[in-house]
$ cat upload.cif   # mmCIF, C-alpha atoms
data_input
loop_
_atom_site.label_atom_id
_atom_site.label_comp_id
_atom_site.auth_asym_id
_atom_site.auth_seq_id
_atom_site.Cartn_x
_atom_site.Cartn_y
_atom_site.Cartn_z
CA MET K 755 -24.84 45.79 -9.92
CA ALA K 756 -26.25 42.59 -11.25
CA VAL K 757 -24.76 39.27 -12.14
CA LEU K 758 -25.12 38.21 -15.72
CA LEU K 759 -26.08 34.62 -16.21
CA GLN K 760 -26.22 32.43 -19.22
CA LYS K 761 -29.69 31.40 -20.10
CA VAL K 762 -30.69 28.27 -18.27
CA SER K 763 -32.56 25.76 -20.34
CA ASN K 764 -36.20 25.42 -19.35
CA LYS K 765 -35.85 21.71 -19.85
CA THR K 766 -33.21 21.62 -17.13
CA ILE K 767 -35.48 23.44 -14.71
CA ALA K 768 -38.41 21.21 -15.62
CA TRP K 769 -36.42 18.03 -15.16
CA SER K 770 -35.01 19.12 -11.83
CA ILE K 771 -38.47 20.03 -10.59
CA ALA K 772 -39.89 16.75 -11.87
CA VAL K 773 -37.20 14.76 -10.07
CA GLY K 774 -37.74 16.78 -6.90
CA LEU K 775 -41.47 16.17 -7.13
CA LEU K 776 -40.89 12.46 -7.50
CA PHE K 777 -38.70 12.32 -4.44
CA SER K 778 -40.99 14.49 -2.34
CA ALA K 779 -44.36 13.14 -3.43
CA VAL K 780 -43.55 9.46 -3.81
CA GLY K 781 -40.94 9.33 -1.05
CA LEU K 782 -38.24 7.52 -3.01
CA THR K 783 -35.66 8.30 -0.38
CA GLY K 784 -36.91 5.40 1.64
CA LEU K 785 -37.06 7.46 4.82
CA SER K 786 -40.20 7.97 6.87
CA ARG K 787 -42.23 11.14 6.27
CA PRO K 788 -41.27 13.29 9.30
CA ILE K 789 -37.56 13.03 8.57
CA ALA K 790 -37.57 12.51 4.80
CA PRO K 791 -35.98 15.34 2.86
CA ASP K 792 -38.17 17.73 0.91
CA VAL K 793 -36.13 17.61 -2.25
CA LEU K 794 -38.64 19.70 -4.18
CA ALA K 795 -38.36 22.50 -1.63
CA LEU K 796 -34.59 22.57 -2.10
CA VAL K 797 -34.94 22.65 -5.87
CA ILE K 798 -37.58 25.40 -5.83
CA PHE K 799 -35.56 27.45 -3.36
CA TYR K 800 -32.47 27.09 -5.54
CA TRP K 801 -34.12 28.34 -8.70
CA ALA K 802 -35.89 31.09 -6.73
CA LEU K 803 -32.60 32.32 -5.29
CA ILE K 804 -30.96 32.37 -8.70
CA GLY K 805 -33.61 34.86 -9.70
CA GLY K 806 -34.50 36.35 -13.04
CA ASP K 807 -36.28 34.29 -15.70
CA VAL K 808 -35.53 31.01 -14.00
CA ARG K 809 -37.48 31.88 -10.87
CA PRO K 810 -40.52 29.62 -10.69
CA LYS K 811 -43.90 31.30 -10.87
CA MET K 812 -46.00 31.61 -7.77
CA SER K 813 -48.91 29.71 -9.27
CA ILE K 814 -46.74 26.81 -10.35
CA VAL K 815 -45.14 26.59 -6.93
CA PHE K 816 -48.57 26.60 -5.33
CA LEU K 817 -49.78 23.80 -7.59
CA LEU K 818 -46.67 21.74 -6.94
CA GLY K 819 -47.35 22.06 -3.24
CA LEU K 820 -50.89 20.83 -3.73
CA ILE K 821 -49.66 17.81 -5.67
CA VAL K 822 -47.26 16.91 -2.89
CA ASP K 823 -49.97 17.32 -0.29
CA PHE K 824 -52.39 15.03 -2.11
CA ALA K 825 -49.65 12.47 -2.81
CA GLU K 826 -48.49 12.43 0.81
CA GLY K 827 -51.95 12.34 2.25
CA GLY K 828 -51.14 15.04 4.77
CA ALA K 829 -52.89 18.33 5.37
CA ILE K 830 -53.86 19.93 2.07
CA GLY K 831 -52.23 23.29 1.57
CA ILE K 832 -49.28 22.78 3.91
CA HIS K 833 -46.70 22.30 1.21
CA SER K 834 -48.26 25.01 -0.93
CA LEU K 835 -47.81 27.37 1.98
CA LYS K 836 -44.25 26.19 2.48
CA TYR K 837 -43.20 26.61 -1.12
CA VAL K 838 -44.89 30.01 -1.47
CA LEU K 839 -43.09 31.25 1.66
CA LEU K 840 -39.80 29.91 0.30
CA LEU K 841 -40.36 31.84 -2.88
CA ALA K 842 -41.10 35.01 -0.92
CA VAL K 843 -37.95 34.62 1.18
CA ALA K 844 -35.89 34.02 -1.94
CA VAL K 845 -37.25 37.13 -3.64
CA GLN K 846 -36.59 39.29 -0.60
CA LEU K 847 -33.17 37.99 0.32
CA GLY K 848 -31.89 36.52 -2.94
CA ASN K 849 -29.44 39.28 -3.76
CA ARG K 850 -27.97 39.34 -0.28
CA PHE K 851 -27.75 35.54 -0.40
CA GLN K 852 -25.74 35.55 -3.59
CA MET K 853 -23.24 38.03 -2.17
CA SER K 854 -22.58 35.84 0.88
CA ASN K 855 -19.84 33.29 1.27
CA ARG K 856 -20.52 29.56 1.28
CA LEU K 857 -20.76 29.18 5.04
CA GLN K 858 -23.23 32.03 5.34
CA LYS K 859 -25.32 30.56 2.55
CA ILE K 860 -25.52 27.18 4.26
CA ALA K 861 -26.40 28.78 7.57
CA PHE K 862 -29.10 30.82 5.88
CA ILE K 863 -30.59 27.73 4.22
CA VAL K 864 -30.55 25.72 7.46
CA MET K 865 -32.24 28.50 9.43
CA THR K 866 -34.80 29.14 6.71
CA PHE K 867 -35.86 25.51 6.53
CA ALA K 868 -35.97 25.12 10.29
CA ALA K 869 -38.01 28.29 10.67
CA LEU K 870 -40.42 27.28 7.93
CA GLU K 871 -40.94 23.87 9.49
CA ALA K 872 -41.64 25.50 12.82
CA ILE K 873 -44.10 27.96 11.22
CA LEU K 874 -45.95 25.18 9.47
CA GLY K 875 -46.09 23.25 12.72
CA GLY K 876 -47.53 26.33 14.37
CA VAL K 877 -50.15 26.70 11.64
CA VAL K 878 -51.24 23.09 12.09
CA LEU K 879 -51.30 23.64 15.85
CA MET K 880 -53.73 26.50 15.34
CA PHE K 881 -56.30 24.21 13.74
CA ILE K 882 -55.68 20.94 15.51
CA LYS K 883 -54.04 20.46 18.85
CA THR K 884 -51.01 18.67 17.49
CA PRO K 885 -47.75 19.79 19.07
CA ILE K 886 -44.93 20.84 16.80
CA ASP K 887 -42.81 17.84 15.88
CA ILE K 888 -39.30 18.85 16.92
CA LYS K 889 -37.84 15.92 14.99
CA SER K 890 -39.19 17.24 11.71
CA VAL K 891 -37.83 20.74 12.48
CA ILE K 892 -34.37 19.33 13.19
CA ALA K 893 -34.55 17.02 10.15
CA ALA K 894 -35.53 19.94 7.89
CA ALA K 895 -32.60 21.96 9.23
CA MET K 896 -30.22 19.05 8.70
CA TRP K 897 -31.37 18.51 5.16
CA GLY K 898 -30.58 22.16 4.59
CA LEU K 899 -26.95 21.15 4.95
CA THR K 900 -27.23 19.29 1.66
CA TRP K 901 -27.42 22.66 -0.07
CA PRO K 902 -23.87 22.38 -1.52
CA ILE K 903 -24.89 19.13 -3.21
CA VAL K 904 -28.00 20.73 -4.69
CA GLU K 905 -25.90 23.64 -5.86
CA ALA K 906 -23.29 21.34 -7.38
CA VAL K 907 -25.91 19.28 -9.20
CA LEU K 908 -27.96 22.19 -10.56
CA ALA K 909 -25.27 24.82 -11.06
CA LYS K 910 -23.39 22.98 -13.78
CA ASN K 911 -25.90 24.10 -16.39
CA TYR K 912 -24.96 27.72 -16.18
CA SER K 913 -22.14 29.95 -15.03
CA ARG K 914 -21.71 33.50 -13.93
CA ILE K 915 -20.05 35.33 -16.76
CA GLY K 916 -19.46 38.71 -15.26
CA PHE K 917 -20.79 41.72 -13.50
CA LYS K 918 -22.68 44.56 -15.10
CA MET X 1218 -36.46 56.45 -15.34
CA PRO X 1219 -39.82 57.24 -13.68
CA ILE X 1220 -41.37 54.72 -16.10
CA ALA X 1221 -38.86 52.09 -15.07
CA THR X 1222 -39.48 52.83 -11.42
CA ASP X 1223 -43.22 52.61 -11.97
CA ASN X 1224 -42.79 49.26 -13.74
CA VAL X 1225 -40.69 47.92 -10.91
CA LYS X 1226 -43.20 49.11 -8.36
CA ARG X 1227 -46.04 47.61 -10.35
CA SER X 1228 -44.31 44.24 -10.61
CA GLU X 1229 -43.57 44.34 -6.90
CA MET X 1230 -47.20 45.08 -6.11
CA GLN X 1231 -48.25 42.24 -8.36
CA PHE X 1232 -45.83 39.89 -6.66
CA TYR X 1233 -47.03 40.77 -3.19
CA ALA X 1234 -50.65 40.53 -4.29
CA LYS X 1235 -50.05 37.04 -5.65
CA LEU X 1236 -48.14 36.15 -2.50
CA PHE X 1237 -50.91 37.14 -0.14
CA LEU X 1238 -53.49 35.49 -2.35
CA CYS X 1239 -51.60 32.21 -2.32
CA LEU X 1240 -50.95 32.44 1.41
CA GLY X 1241 -54.62 33.06 2.05
CA LEU X 1242 -55.66 30.24 -0.21
CA ALA X 1243 -53.22 27.85 1.42
CA CYS X 1244 -54.46 28.75 4.88
CA CYS X 1245 -58.05 28.23 3.76
CA LEU X 1246 -57.20 24.83 2.34
CA ILE X 1247 -55.47 23.87 5.56
CA PHE X 1248 -58.47 25.03 7.57
CA PHE X 1249 -60.97 23.13 5.45
CA ASP X 1250 -58.89 20.00 5.50
CA LEU X 1251 -57.96 19.89 9.16
CA LYS X 1252 -61.12 21.33 10.67
CA LYS X 1253 -63.86 20.41 8.24
CA GLN X 1254 -62.33 17.28 6.69
CA SER X 1255 -63.53 18.53 3.30
CA PHE X 1256 -60.97 16.68 1.24
CA SER X 1257 -61.26 13.26 2.87
CA SER X 1258 -63.02 11.63 -0.09
CA ILE X 1259 -60.54 13.03 -2.57
CA LYS X 1260 -57.65 11.84 -0.39
CA GLN X 1261 -59.18 8.39 -0.21
CA GLU X 1262 -59.54 8.18 -3.97
CA ILE X 1263 -55.96 9.31 -4.46
CA SER X 1264 -54.61 6.83 -1.92
CA HIS X 1265 -56.60 4.07 -3.64
CA PHE X 1266 -55.12 5.12 -6.97
CA GLU X 1267 -51.64 5.17 -5.44
CA TYR X 1268 -52.18 1.68 -4.12
CA LEU X 1269 -53.19 0.49 -7.59
CA VAL X 1270 -50.17 2.12 -9.16
CA PHE X 1271 -47.75 0.62 -6.65
CA ASP X 1272 -49.44 -2.74 -6.94
CA THR X 1273 -48.90 -2.63 -10.70
CA LEU X 1274 -45.33 -1.51 -10.29
CA LEU X 1275 -44.59 -4.04 -7.54
CA PRO X 1276 -43.54 -6.84 -9.93
CA SER X 1277 -41.08 -4.47 -11.54
CA LYS X 1278 -40.03 -3.47 -8.05
CA ASP X 1279 -39.41 -7.15 -7.37
CA TRP X 1280 -37.54 -7.27 -10.65
CA VAL X 1281 -35.46 -4.30 -9.61
CA GLU X 1282 -34.72 -5.96 -6.30
CA GLN X 1283 -33.79 -9.21 -8.04
CA PHE X 1284 -31.67 -7.28 -10.49
CA SER X 1285 -29.79 -5.49 -7.75
CA SER X 1286 -29.45 -8.64 -5.67
CA TYR X 1287 -28.11 -10.41 -8.80
CA PHE X 1288 -25.33 -7.88 -9.10
CA TYR X 1289 -24.73 -7.86 -5.38
CA SER X 1290 -24.55 -11.64 -5.26
CA LYS X 1291 -22.46 -11.66 -8.43
CA GLY X 1292 -19.97 -9.35 -6.79
CA LYS X 1293 -20.03 -11.47 -3.67
CA LEU X 1294 -19.55 -14.65 -5.70
CA THR X 1295 -16.65 -13.12 -7.59
CA GLN X 1296 -14.99 -12.20 -4.34
CA GLU X 1297 -15.66 -15.65 -2.93
CA ASN X 1298 -14.29 -17.22 -6.08
CA LYS X 1299 -11.12 -15.19 -5.79
CA THR X 1300 -10.68 -16.23 -2.15
CA LEU X 1301 -11.30 -19.87 -3.02
CA ARG X 1302 -8.78 -19.76 -5.84
CA GLN X 1303 -6.15 -18.43 -3.47
CA ASP X 1304 -7.01 -21.14 -0.96
CA GLN X 1305 -6.84 -23.70 -3.75
CA LEU X 1306 -3.36 -22.54 -4.74
CA LEU X 1307 -2.14 -22.85 -1.17
CA LYS X 1308 -3.72 -26.28 -0.82
CA ASP X 1309 -2.22 -27.44 -4.13
CA ALA X 1310 1.20 -26.42 -2.91
CA ARG X 1311 0.62 -28.31 0.34
CA LEU X 1312 -0.68 -31.30 -1.61
CA GLN X 1313 2.48 -31.42 -3.69
CA THR X 1314 4.51 -31.43 -0.52
CA LEU X 1315 2.29 -34.23 0.74
CA ALA X 1316 2.83 -36.20 -2.48
CA SER X 1317 6.58 -35.96 -2.14
CA VAL X 1318 6.31 -37.01 1.50
CA GLU X 1319 4.25 -40.03 0.43
CA ARG X 1320 6.86 -40.97 -2.19
CA ARG X 1321 9.59 -40.72 0.40
CA ILE X 1322 7.63 -42.93 2.76
CA GLU X 1323 7.22 -45.49 -0.03
CA GLU X 1324 10.94 -45.47 -0.76
CA LEU X 1325 11.80 -45.81 2.89
CA GLN X 1326 9.35 -48.68 3.23
CA GLU X 1327 10.97 -50.41 0.26
CA LEU X 1328 14.40 -49.89 1.74
CA LEU X 1329 13.16 -51.22 5.05
CA GLY X 1330 11.76 -54.30 3.32
CA LEU X 1331 15.04 -54.79 1.55
CA TYR X 1332 16.93 -54.40 4.79
CA ARG X 1333 14.79 -56.97 6.54
CA ARG X 1334 15.07 -59.52 3.72
CA GLY X 1335 18.78 -59.09 3.10
CA ALA X 1336 21.26 -61.50 4.62
CA PHE X 1337 23.99 -59.06 3.97
CA SER X 1338 25.10 -56.48 6.45
CA MET X 1339 23.59 -53.13 5.47
CA HIS X 1340 23.79 -49.62 6.80
CA ALA X 1341 21.62 -46.68 5.85
CA VAL X 1342 23.28 -43.71 4.17
CA THR X 1343 21.78 -40.32 3.33
CA VAL X 1344 22.75 -38.25 0.32
CA ILE X 1345 24.20 -34.89 1.29
CA THR X 1346 25.65 -33.55 -1.96
CA VAL X 1347 25.32 -34.33 -5.65
CA SER X 1348 27.95 -33.47 -8.21
CA ASP X 1349 26.88 -30.82 -10.72
CA SER X 1350 29.33 -31.87 -13.38
CA PRO X 1351 27.90 -33.92 -16.26
CA TYR X 1352 31.20 -35.78 -16.50
CA ASP X 1353 31.32 -36.72 -12.88
CA GLN X 1354 28.45 -38.86 -11.62
CA THR X 1355 29.34 -38.90 -7.95
CA ILE X 1356 27.48 -38.16 -4.75
CA LYS X 1357 28.46 -37.76 -1.15
CA VAL X 1358 26.57 -39.61 1.56
CA ARG X 1359 26.54 -39.48 5.30
CA PHE X 1360 26.24 -42.55 7.46
CA GLU X 1361 25.91 -43.30 11.12
CA ASP X 1362 28.97 -42.79 13.26
CA GLY X 1363 30.62 -46.16 13.78
CA ALA X 1364 29.04 -47.83 10.74
CA PRO X 1365 31.64 -49.97 8.93
CA VAL X 1366 31.23 -48.21 5.57
CA LYS X 1367 34.48 -48.32 3.59
CA ALA X 1368 35.84 -47.80 0.11
CA GLY X 1369 34.64 -50.51 -2.24
CA ASP X 1370 31.29 -51.06 -0.53
CA TYR X 1371 28.34 -51.21 -2.87
CA ILE X 1372 25.45 -48.82 -2.47
CA ILE X 1373 21.98 -50.03 -3.37
CA GLY X 1374 18.60 -48.40 -3.55
CA ALA X 1375 15.23 -50.03 -3.07
CA ARG X 1376 15.19 -51.21 -6.69
CA GLY X 1377 18.76 -51.81 -7.64
CA LEU X 1378 22.42 -51.00 -7.65
CA VAL X 1379 23.28 -47.31 -7.25
CA GLY X 1380 27.05 -47.19 -7.13
CA GLN X 1381 30.22 -47.94 -5.25
CA ALA X 1382 32.00 -46.13 -2.44
CA LEU X 1383 35.22 -44.49 -3.55
CA SER X 1384 36.30 -43.36 -0.11
CA ALA X 1385 34.96 -43.09 3.39
CA GLU X 1386 36.21 -40.60 5.95
CA GLY X 1387 34.58 -39.98 9.27
CA VAL X 1388 30.86 -40.16 8.60
CA VAL X 1389 31.01 -39.13 4.94
CA ALA X 1390 31.63 -41.33 1.94
CA ALA X 1391 32.07 -40.50 -1.75
CA ILE X 1392 30.03 -42.70 -4.08
CA ARG X 1393 30.53 -43.18 -7.80
CA LEU X 1394 27.22 -43.89 -9.50
CA ILE X 1395 26.97 -46.73 -11.98
CA SER X 1396 26.10 -44.19 -14.69
CA ASP X 1397 29.54 -42.57 -14.38
CA ARG X 1398 31.77 -43.07 -17.43
CA ARG X 1399 34.49 -44.54 -15.27
CA ALA X 1400 32.13 -47.07 -13.63
CA SER X 1401 31.72 -50.65 -14.81
CA VAL X 1402 29.79 -53.54 -13.38
CA HIS X 1403 29.98 -57.21 -14.28
CA VAL X 1404 26.43 -58.33 -14.96
CA GLN X 1405 24.41 -61.33 -15.93
CA VAL X 1406 21.18 -61.47 -17.90
CA LEU X 1407 18.68 -62.91 -15.48
CA ARG X 1408 16.74 -64.75 -18.17
CA THR X 1409 19.55 -66.38 -20.10
CA GLY X 1410 22.56 -66.22 -17.82
CA PHE X 1411 24.59 -64.37 -20.42
CA ARG X 1412 27.38 -62.46 -18.78
CA GLY X 1413 28.82 -59.13 -19.81
CA VAL X 1414 30.09 -55.79 -18.56
CA VAL X 1415 27.93 -52.69 -18.20
CA PHE X 1416 29.53 -49.26 -18.46
CA GLY X 1417 28.16 -45.90 -17.46
CA ARG X 1418 27.46 -43.36 -20.20
CA GLY X 1419 28.01 -40.24 -18.20
CA GLY X 1420 25.42 -37.53 -18.04
CA HIS X 1421 22.63 -39.53 -19.61
CA ARG X 1422 21.90 -41.54 -16.51
CA SER X 1423 21.94 -44.64 -18.70
CA LEU X 1424 24.16 -47.67 -19.10
CA GLU X 1425 25.61 -49.59 -22.01
CA LEU X 1426 26.25 -53.30 -22.24
CA LYS X 1427 29.36 -53.60 -24.39
CA PHE X 1428 30.95 -56.33 -26.38
CA VAL X 1429 27.82 -58.33 -26.94
CA PRO X 1430 27.90 -60.40 -30.11
CA GLU X 1431 25.06 -59.85 -32.46
CA GLU X 1432 23.69 -63.38 -32.18
CA THR X 1433 23.40 -63.23 -28.39
CA ASP X 1434 19.98 -64.05 -27.01
CA ILE X 1435 19.05 -60.77 -25.42
CA LYS X 1436 16.02 -58.65 -25.92
CA VAL X 1437 14.40 -55.43 -24.76
CA GLY X 1438 13.00 -55.79 -21.27
CA ASP X 1439 15.61 -58.25 -20.01
CA ILE X 1440 16.80 -57.56 -16.50
CA LEU X 1441 20.49 -57.58 -15.72
CA VAL X 1442 21.82 -58.27 -12.25
CA THR X 1443 25.32 -58.29 -10.79
CA SER X 1444 27.06 -61.55 -11.63
CA GLY X 1445 29.25 -61.88 -8.56
CA LEU X 1446 32.15 -63.12 -10.69
CA GLY X 1447 35.58 -62.80 -9.17
CA GLY X 1448 34.13 -62.08 -5.79
CA ARG X 1449 34.34 -58.38 -6.43
CA HIS X 1450 30.61 -57.87 -6.59
CA PRO X 1451 27.83 -59.47 -4.66
CA TYR X 1452 25.56 -61.54 -6.88
CA GLY X 1453 21.98 -60.71 -7.72
CA ILE X 1454 21.71 -56.98 -7.26
CA PRO X 1455 19.46 -55.61 -10.03
CA VAL X 1456 21.38 -53.24 -12.23
CA GLY X 1457 19.24 -52.26 -15.18
CA THR X 1458 16.78 -53.25 -17.83
CA VAL X 1459 17.43 -53.36 -21.57
CA VAL X 1460 15.75 -50.48 -23.38
CA SER X 1461 17.24 -50.69 -26.87
CA ILE X 1462 19.31 -53.02 -28.99
CA ASP X 1463 20.96 -51.71 -32.14
CA GLY X 1464 22.18 -54.29 -34.57
CA ALA X 1465 25.85 -54.49 -35.40
CA GLY X 1466 26.89 -51.92 -37.95
CA ALA X 1467 30.52 -51.59 -38.71
CA SER X 1468 31.53 -53.76 -35.74
CA SER X 1469 30.30 -57.23 -34.91
CA PHE X 1470 28.93 -56.20 -31.55
CA SER X 1471 25.46 -54.88 -30.79
CA THR X 1472 24.93 -51.62 -29.02
CA ILE X 1473 22.71 -52.39 -26.05
CA LEU X 1474 21.44 -49.59 -23.84
CA LEU X 1475 20.08 -50.11 -20.35
CA LYS X 1476 18.04 -48.04 -18.01
CA PRO X 1477 19.20 -48.28 -14.38
CA LEU X 1478 16.61 -49.86 -12.15
CA ALA X 1479 17.66 -47.81 -9.16
CA ASN X 1480 16.56 -44.22 -9.06
CA LEU X 1481 19.92 -42.52 -9.48
CA ASN X 1482 18.25 -39.10 -9.26
CA ALA X 1483 16.98 -39.76 -5.78
CA ASN X 1484 18.65 -37.48 -3.29
CA GLU X 1485 17.58 -39.20 -0.16
CA ASP X 1486 18.40 -42.56 1.39
CA PHE X 1487 20.27 -45.66 0.23
CA LEU X 1488 21.79 -48.73 1.82
CA ALA X 1489 25.49 -49.49 1.97
CA LEU X 1490 26.40 -53.19 1.72
CA THR X 1491 29.07 -53.72 4.31
CA GLY X 1492 30.47 -57.09 5.40
CA ALA X 1493 32.09 -59.98 3.48
CA LEU X 1494 31.60 -60.49 -0.22
CA GLY X 1495 30.85 -63.76 -1.98
CA ASN X 1496 27.47 -64.46 -0.37
CA ASP X 1497 24.19 -64.14 -2.14
CA LEU X 1498 22.80 -60.76 -1.44
CA PHE X 1499 19.20 -61.73 -0.77
CA VAL X 1500 17.51 -64.65 0.80
CA PRO X 1501 14.24 -65.74 -0.73
CA ASP X 1502 11.07 -64.59 1.01
CA ASN X 1503 10.14 -68.20 1.78
#

$ encode --input "upload.cif" --output "structure tokens"
Amino acid sequence: MAVLLQKVSNKTIAWSIAVGLLFSAVGLTGLSRPIAPDVLALVIFYWALIGGDVRPKMSIVFLLGLIVDFAEGGAIGIHSLKYVLLLAVAVQLGNRFQMSNRLQKIAFIVMTFAALEAILGGVVLMFIKTPIDIKSVIAAAMWGLTWPIVEAVLAKNYSRIGFK
Amino acid sequence: MPIATDNVKRSEMQFYAKLFLCLGLACCLIFFDLKKQSFSSIKQEISHFEYLVFDTLLPSKDWVEQFSSYFYSKGKLTQENKTLRQDQLLKDARLQTLASVERRIEELQELLGLYRRGAFSMHAVTVITVSDSPYDQTIKVRFEDGAPVKAGDYIIGARGLVGQALSAEGVVAAIRLISDRRASVHVQVLRTGFRGVVFGRGGHRSLELKFVPEETDIKVGDILVTSGLGGRHPYGIPVGTVVSIDGAGASSFSTILLKPLANLNANEDFLALTGALGNDLFVPDN
């Protein structure tokens, strides 16, 4: 059983990714880096969960991560790793995600972001003896709660039209 | 179906291959950056470029800040303006009250001056009711308990004659104003000494000097005072001033209209002239 979707305009996807990149790379939210939201991650995860033609390609996601890394000045490859893992999670669990209710979806998003942040912290710890920043893990989880807003903003360009 | 299954499996294999490739590449990049500091120069160049970009955009950032502060301050100013307008309205209302209080003080001061200069016995009276009828120019006044106010006493304001008491019971007296149709006062033109009778015209708060021959020396602006003839009125109380003179038409008398000098519309305080008649009302200031 699959959900039929209207075709999403590529322009819409491109614009949403561009805006997310601006917020993540330039830091327009005005918040400091450890607790600033990764808007691009939310946008990529959204389109990845939708699935089908709108799912971003692995290479593009990797490149976007590199851009954010160079713009932030942090460790190169961290965001690439993060976005690639998000894509993988979305591919594996996307169908189950779409069948869940709203509360389950939000819980899934929060746990995914928190876990990812912890994994990335662990990766950095492997190379340099920097302890995992608990604040950034909690902040990432909290920003996961904005998922309904992301959904509301991006979902208006398409609608589910039925089941096959 | 086997073809479709093979395609799905192939695409899955491709996906996982790409995934592991990207994961490996990302880990390598992280290793080279954190351990070997391989990308330091590139990072420095990019941060320098970012600084240049932000430095170029900073004036527009200032402009954006000024723009937003303009609207913020505009909103604040609008709100402040609204508050100030409301305050202004309240203060205007209070100011009007103040103006009327000042007028009252002036009138009371004039009455007090009159009281001090007058040789006649006077008692203060306060208006309590005014007749609504246009045909009945009467008021009721209250006076101090024990004051010898009686029917026939003349009531004066700070500037002139107001009327005459019709009756006095207890502490209340009924006063007929000089503008009442039934009121008449024997007057004398202050300038020429010409004597005549002034009648009230009713609701117009004006007076008419009747039976004045056309050739009489009287002109607009002349002041008329009570004549004191017959001992019925005290002499010298200002009554009115001539405002118009219409030449004789069908009759041989001029129609002369006067404006009362006293403020007949005042609803506050007057003086009642009590005591014996026949004396001059006022003594000179010297």

$ residues_around --input "upload.cif" --residues "Ala1243 of chain X" --least-positions-apart "2" --cutoff "10 Å" --atoms "only C-alpha atoms" --output "list in words"
Phe816, Gly819, Leu820, Ile830, Gly831, Ile832, His833, Ser834, Leu835, Lys836 and Val838 of chain K; Phe1237, Leu1238, Cys1239, Leu1240, Gly1241, Cys1245, Leu1246, Ile1247, Phe1248 and Phe1249 of chain X

$ residues_around --input "upload.cif" --residues "Pro902 of chain K" --least-positions-apart "3" --cutoff "12 Å" --atoms "only C-alpha atoms" --output "PDB file with C-alpha atoms, in the frame of the given file"
ATOM      1  CA  LEU K 796     -34.590  22.570  -2.100  1.00  0.00           C
ATOM      2  CA  VAL K 797     -34.940  22.650  -5.870  1.00  0.00           C
ATOM      3  CA  TYR K 800     -32.470  27.090  -5.540  1.00  0.00           C
ATOM      4  CA  ASN K 855     -19.840  33.290   1.270  1.00  0.00           C
ATOM      5  CA  ARG K 856     -20.520  29.560   1.280  1.00  0.00           C
ATOM      6  CA  LEU K 857     -20.760  29.180   5.040  1.00  0.00           C
ATOM      7  CA  GLN K 858     -23.230  32.030   5.340  1.00  0.00           C
ATOM      8  CA  LYS K 859     -25.320  30.560   2.550  1.00  0.00           C
ATOM      9  CA  ILE K 860     -25.520  27.180   4.260  1.00  0.00           C
ATOM     10  CA  ALA K 861     -26.400  28.780   7.570  1.00  0.00           C
ATOM     11  CA  ILE K 863     -30.590  27.730   4.220  1.00  0.00           C
ATOM     12  CA  VAL K 864     -30.550  25.720   7.460  1.00  0.00           C
ATOM     13  CA  TRP K 897     -31.370  18.510   5.160  1.00  0.00           C
ATOM     14  CA  GLY K 898     -30.580  22.160   4.590  1.00  0.00           C
ATOM     15  CA  LEU K 899     -26.950  21.150   4.950  1.00  0.00           C
ATOM     16  CA  GLU K 905     -25.900  23.640  -5.860  1.00  0.00           C
ATOM     17  CA  ALA K 906     -23.290  21.340  -7.380  1.00  0.00           C
ATOM     18  CA  VAL K 907     -25.910  19.280  -9.200  1.00  0.00           C
ATOM     19  CA  LEU K 908     -27.960  22.190 -10.560  1.00  0.00           C
ATOM     20  CA  ALA K 909     -25.270  24.820 -11.060  1.00  0.00           C
TER      21      ALA K 909
END

$ residues_near_point --input "upload.cif" --point "(27.2, -54.2, -15.0)" --cutoff "12 Å" --atoms "all atoms listed in the file" --output "number ranges by chain"
X: 1377-1381, 1394-1397, 1400-1406, 1411-1417, 1423-1427, 1440-1446, 1449-1459, 1474-1478

$ interface_residues --input "upload.cif" --of "chain X" --to "chain K" --cutoff "12 Å" --atoms "all atoms listed in the file" --output "compact mmCIF listing (two decimals) with C-alpha atoms, keeping the file's coordinate frame"
# COMPACT_ATOMS: atom_id res chain seq x y z
CA GLU X 1229 -43.57 44.34 -6.90
CA GLN X 1231 -48.25 42.24 -8.36
CA PHE X 1232 -45.83 39.89 -6.66
CA TYR X 1233 -47.03 40.77 -3.19
CA ALA X 1234 -50.65 40.53 -4.29
CA LYS X 1235 -50.05 37.04 -5.65
CA LEU X 1236 -48.14 36.15 -2.50
CA PHE X 1237 -50.91 37.14 -0.14
CA LEU X 1238 -53.49 35.49 -2.35
CA CYS X 1239 -51.60 32.21 -2.32
CA LEU X 1240 -50.95 32.44 1.41
CA GLY X 1241 -54.62 33.06 2.05
CA LEU X 1242 -55.66 30.24 -0.21
CA ALA X 1243 -53.22 27.85 1.42
CA CYS X 1244 -54.46 28.75 4.88
CA CYS X 1245 -58.05 28.23 3.76
CA LEU X 1246 -57.20 24.83 2.34
CA ILE X 1247 -55.47 23.87 5.56
CA PHE X 1248 -58.47 25.03 7.57
CA PHE X 1249 -60.97 23.13 5.45
CA ASP X 1250 -58.89 20.00 5.50
CA LEU X 1251 -57.96 19.89 9.16
CA LYS X 1252 -61.12 21.33 10.67
CA LYS X 1253 -63.86 20.41 8.24
CA GLN X 1254 -62.33 17.28 6.69
CA SER X 1255 -63.53 18.53 3.30
CA PHE X 1256 -60.97 16.68 1.24
CA SER X 1257 -61.26 13.26 2.87
CA SER X 1258 -63.02 11.63 -0.09
CA ILE X 1259 -60.54 13.03 -2.57
CA LYS X 1260 -57.65 11.84 -0.39
CA GLN X 1261 -59.18 8.39 -0.21
CA GLU X 1262 -59.54 8.18 -3.97
CA ILE X 1263 -55.96 9.31 -4.46
CA SER X 1264 -54.61 6.83 -1.92
CA HIS X 1265 -56.60 4.07 -3.64
CA PHE X 1266 -55.12 5.12 -6.97
CA GLU X 1267 -51.64 5.17 -5.44
CA TYR X 1268 -52.18 1.68 -4.12
CA VAL X 1270 -50.17 2.12 -9.16
CA PHE X 1271 -47.75 0.62 -6.65
